[in-house]
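Visitor: Take this structure first; my questions come after.
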Amino acid sequence: MLIRKPNHEPLSSEITPEAVWRSRREWMARAAMVAAAAGLPSWASRRAFAQDGTPLPGKPNPAYSVMDKPTEWKDITSYNNYYEFGVNKDEPAEYAGKLQTRPWTVSVEGEVRRPQTFDIDALLKLAPLEDRIYRLRCVEGWSMVIPWVGYSLSNLLKQVEPTGNAKYVEFTTVEQRDNMPGLRYPVLDWPYVEALRLDEAMHPLAMLVFGLYGKVLPNQNGAPLRLAVPWKYGFKSAKSIVRIRLLERQPTSSWMQAASNEYGFYANVNPDVPHPRWSQATERRIGEGGFFTPKRKTLIFNGYADQVAALYQGMDLTANY
Amino acid sequence: MRDTARPQWSAAMVGRIKPLLFVAGLLPFARWFWLGFNDALTANPIEFLTRSSGTWTLVCLLVTLSITPLRRLLGQPALVRLRRPCGLFAFFYGSLHFIAWVWWDRGLNVGAMLQDVWERPFITAGFAAFVCMTALALTSTQWAMRKMGRRWQALHRLVYLIGILAVVHLWWHKAGKNDFEQPVIYGAILVLLLGWRLAARLK
């Protein structure tokens with residue numbers, strides 16, 4: 001067989017420039033991806049790569065991390081209860097962009113020897129940041145597994161030296177009228193207030209959180225700093241904290257004020273103590289499985305009984321819900 | 001008073017709308033699939049579908065309840081032919097809503113279902129509404145109408161109770177968050193539709 005050689009080289013104008021053919025290839029790859037994605041119930045194939053935000057790395061702390069598969073970034077940041085931005089779960093992600101997180105200070109006051117106002121940048125350097133993977137169980141009956149970045153709250157409380165009278169720690173959430181549309185509705189008595197007993201707050205698992213998935217905490221998750229108290233229902237973990245008060249008497253939290261028969265001071269995760277309007281025996285793990293996956297059984301103290309049950313020795317957990 | 005000069009739509013004419021009504025009634029159902037394939041069922045698809053099916057049950061119920069006032073106001077009695085398909089669509093979405101609760105929330109456990117009906121007033125209201133709706137759906141055939149005679153209409157007046165129970169169900173569900181925007185809107189429409197009947201009867 002005769003192979004004829006072309007009798008001339010192609011004109012330079014006929015050669016596709018590299019940038020063009022590369023972009024064509026990219027387009028084809030993208031089109032193929034879109035086609036593949038359209039054919040799948042992509043809810044099941046979603047991945048956590050769509051993260052954005054400023055890096056905020058921490059050192060992994062396996063001692064305080066669970067082995068459960070972490071919930072995807074997209075779900076953690078799009079399905080939120082943060083009533084200051086609206087009562088629907090998609091509203092925080094939609095409206096929290098306006099929240100001003102700089103400048104930001106947290107005043108720590110009350111029954112302390114050294115009351116102080118901390119700048120957020122000072123708080124970020126107060127103790128080494130750690131990556132901890134915690135379970136989060138919402139009182140509504142769903143749960144997530146969240147890789148937080150932060151450190152034990154006790155690091156901050158030690159700085160102010162609580163007096164012998166200090167028995168409780170109260171946390172107040174920011175109230176930015178112009179930036180938080182939910183504040184227009186009297187759903188709760190604003191600002192949002194939550195509290196812990198001092199020994200609970202000093203427990204190493206009680207965490208002051210600044211980041212998520214190694215990034216700066218998104219606003220809808222409680223930027224620039226929030227609590228994570230993994231053995232209690234999620235509402236105990238106050239978001240966007242501006243004030244911490246140490247108190248002798250037990251304060252009234254926002255939810256106790258709104259419905260004291262439904263929400264108690266302790267709010268420890270407990271499958272055996274139903275909410276007055278629904279059972280707490282099971283939970284739906286967000287992002288887990290598909291439509292045929294049954295709910296999970298909820299664990300006492302959200303699975304942290306070994307670490308925290310001693311805090312409540314001799315206490316009637318049904319009466320102290 | 002009806003304007004007798006107005007041309008009357010024949011039953012056959014109204015019947016021609018039925019295929020359109022059927023397509024419109026299936027749009028919410030089709031939307032769920034479209035959202036599913038576009039990864040838009042939120043982080044909690046089970047909760048989304050449960051709530052969405054409840055919303056569409058209520059919408060279909062209110063549409064059903066608006067047929068009679070519409071017949072009178074337009075002076076077109078033949079519109080009654082649309083009432084049964086609307087009611088059956090309400091039952092269709094109501095059944096999906098019920099199945100969502102039984103299957104996803106209660107894990108097909110009869111004991112857990114009964115406990116829920118007993119302990120949670122908003123479930124009690126929703127469950128009662130569904131039981132009544134089932135009775136109406138089962139007796140919605142021509143055969144049942146003929147067989148039951150006058151008792152048919154008496155039974156089907158239950159639709160007023162179903163409407164009230166459905167709004168109460170939504171109201172109590174939203175009460176947990178002091179979020180009454182939706183129950184107030186649906187409740188106002190229901191009050192309007194039932195109020196119109198009451199006023200017509202008193203006249």
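As shown in the structure tokens, the chain order sets the letters A, B, ...; within each chain, residues go from 1, and ligands are also counted from 1 in the order they appear.
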Looking only at helix (DSSP H, G or I) from DSSP on the backbone, list the matching residues of range 149-239 of chain A as a ChimeraX atom specification.
Guide: /A:154-160,181-184,198-201,219-221,234-236
Visitor: Mind writing the picked residues with C-alpha atoms as a PDB file, in the first residue's frame?
Guide:
ATOM      1  CA  SER A 154     -12.275  25.899  79.027  1.00  0.00           C
ATOM      2  CA  ASN A 155      -9.212  27.606  77.471  1.00  0.00           C
ATOM      3  CA  LEU A 156     -11.150  30.880  77.368  1.00  0.00           C
ATOM      4  CA  LEU A 157     -12.912  30.489  80.715  1.00  0.00           C
ATOM      5  CA  LYS A 158      -9.588  29.880  82.499  1.00  0.00           C
ATOM      6  CA  GLN A 159      -8.322  33.229  81.175  1.00  0.00           C
ATOM      7  CA  VAL A 160     -10.970  35.183  83.103  1.00  0.00           C
ATOM      8  CA  PRO A 181     -34.192  39.756  58.734  1.00  0.00           C
ATOM      9  CA  GLY A 182     -35.520  37.148  61.200  1.00  0.00           C
ATOM     10  CA  LEU A 183     -35.195  39.607  64.097  1.00  0.00           C
ATOM     11  CA  ARG A 184     -38.278  41.409  62.746  1.00  0.00           C
ATOM     12  CA  LEU A 198     -19.977  25.705  84.684  1.00  0.00           C
ATOM     13  CA  ASP A 199     -18.798  22.087  84.924  1.00  0.00           C
ATOM     14  CA  GLU A 200     -20.416  21.361  81.559  1.00  0.00           C
ATOM     15  CA  ALA A 201     -18.769  24.409  80.021  1.00  0.00           C
ATOM     16  CA  ASN A 219     -21.948  32.917  58.499  1.00  0.00           C
ATOM     17  CA  GLN A 220     -25.007  30.645  58.408  1.00  0.00           C
ATOM     18  CA  ASN A 221     -23.202  28.234  60.734  1.00  0.00           C
ATOM     19  CA  GLY A 234     -28.127  21.540  68.714  1.00  0.00           C
ATOM     20  CA  PHE A 235     -29.967  24.605  69.990  1.00  0.00           C
ATOM     21  CA  LYS A 236     -27.736  24.624  73.085  1.00  0.00           C
TER      22      LYS A 236
END
Visitor: Show me which bits of chain A are within 10 Å of chain B, counting only C-alpha atoms, as an MDAnalysis selection string.
Guide: chainID A and resid 37:46 71:72 74:80 83 86:90 140:142 185:188 258:259 262 276:279 282:288 290:295
Visitor: Could you work out how far CA of Ser10 in chain B lies from CA of Phe22 in chain B, giving the answer in Å with one decimal?
Guide: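 Between CA of Phe22 in chain B and CA of Ser10 in chain B the gap is 19.4 Å.
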Visitor: Hey, which of B:Val59, B:Ala129, B:Leu26, B:Leu192 ends up closest to Ile164 in chain B? Count only C-alpha atoms.
Guide: B:Ala129
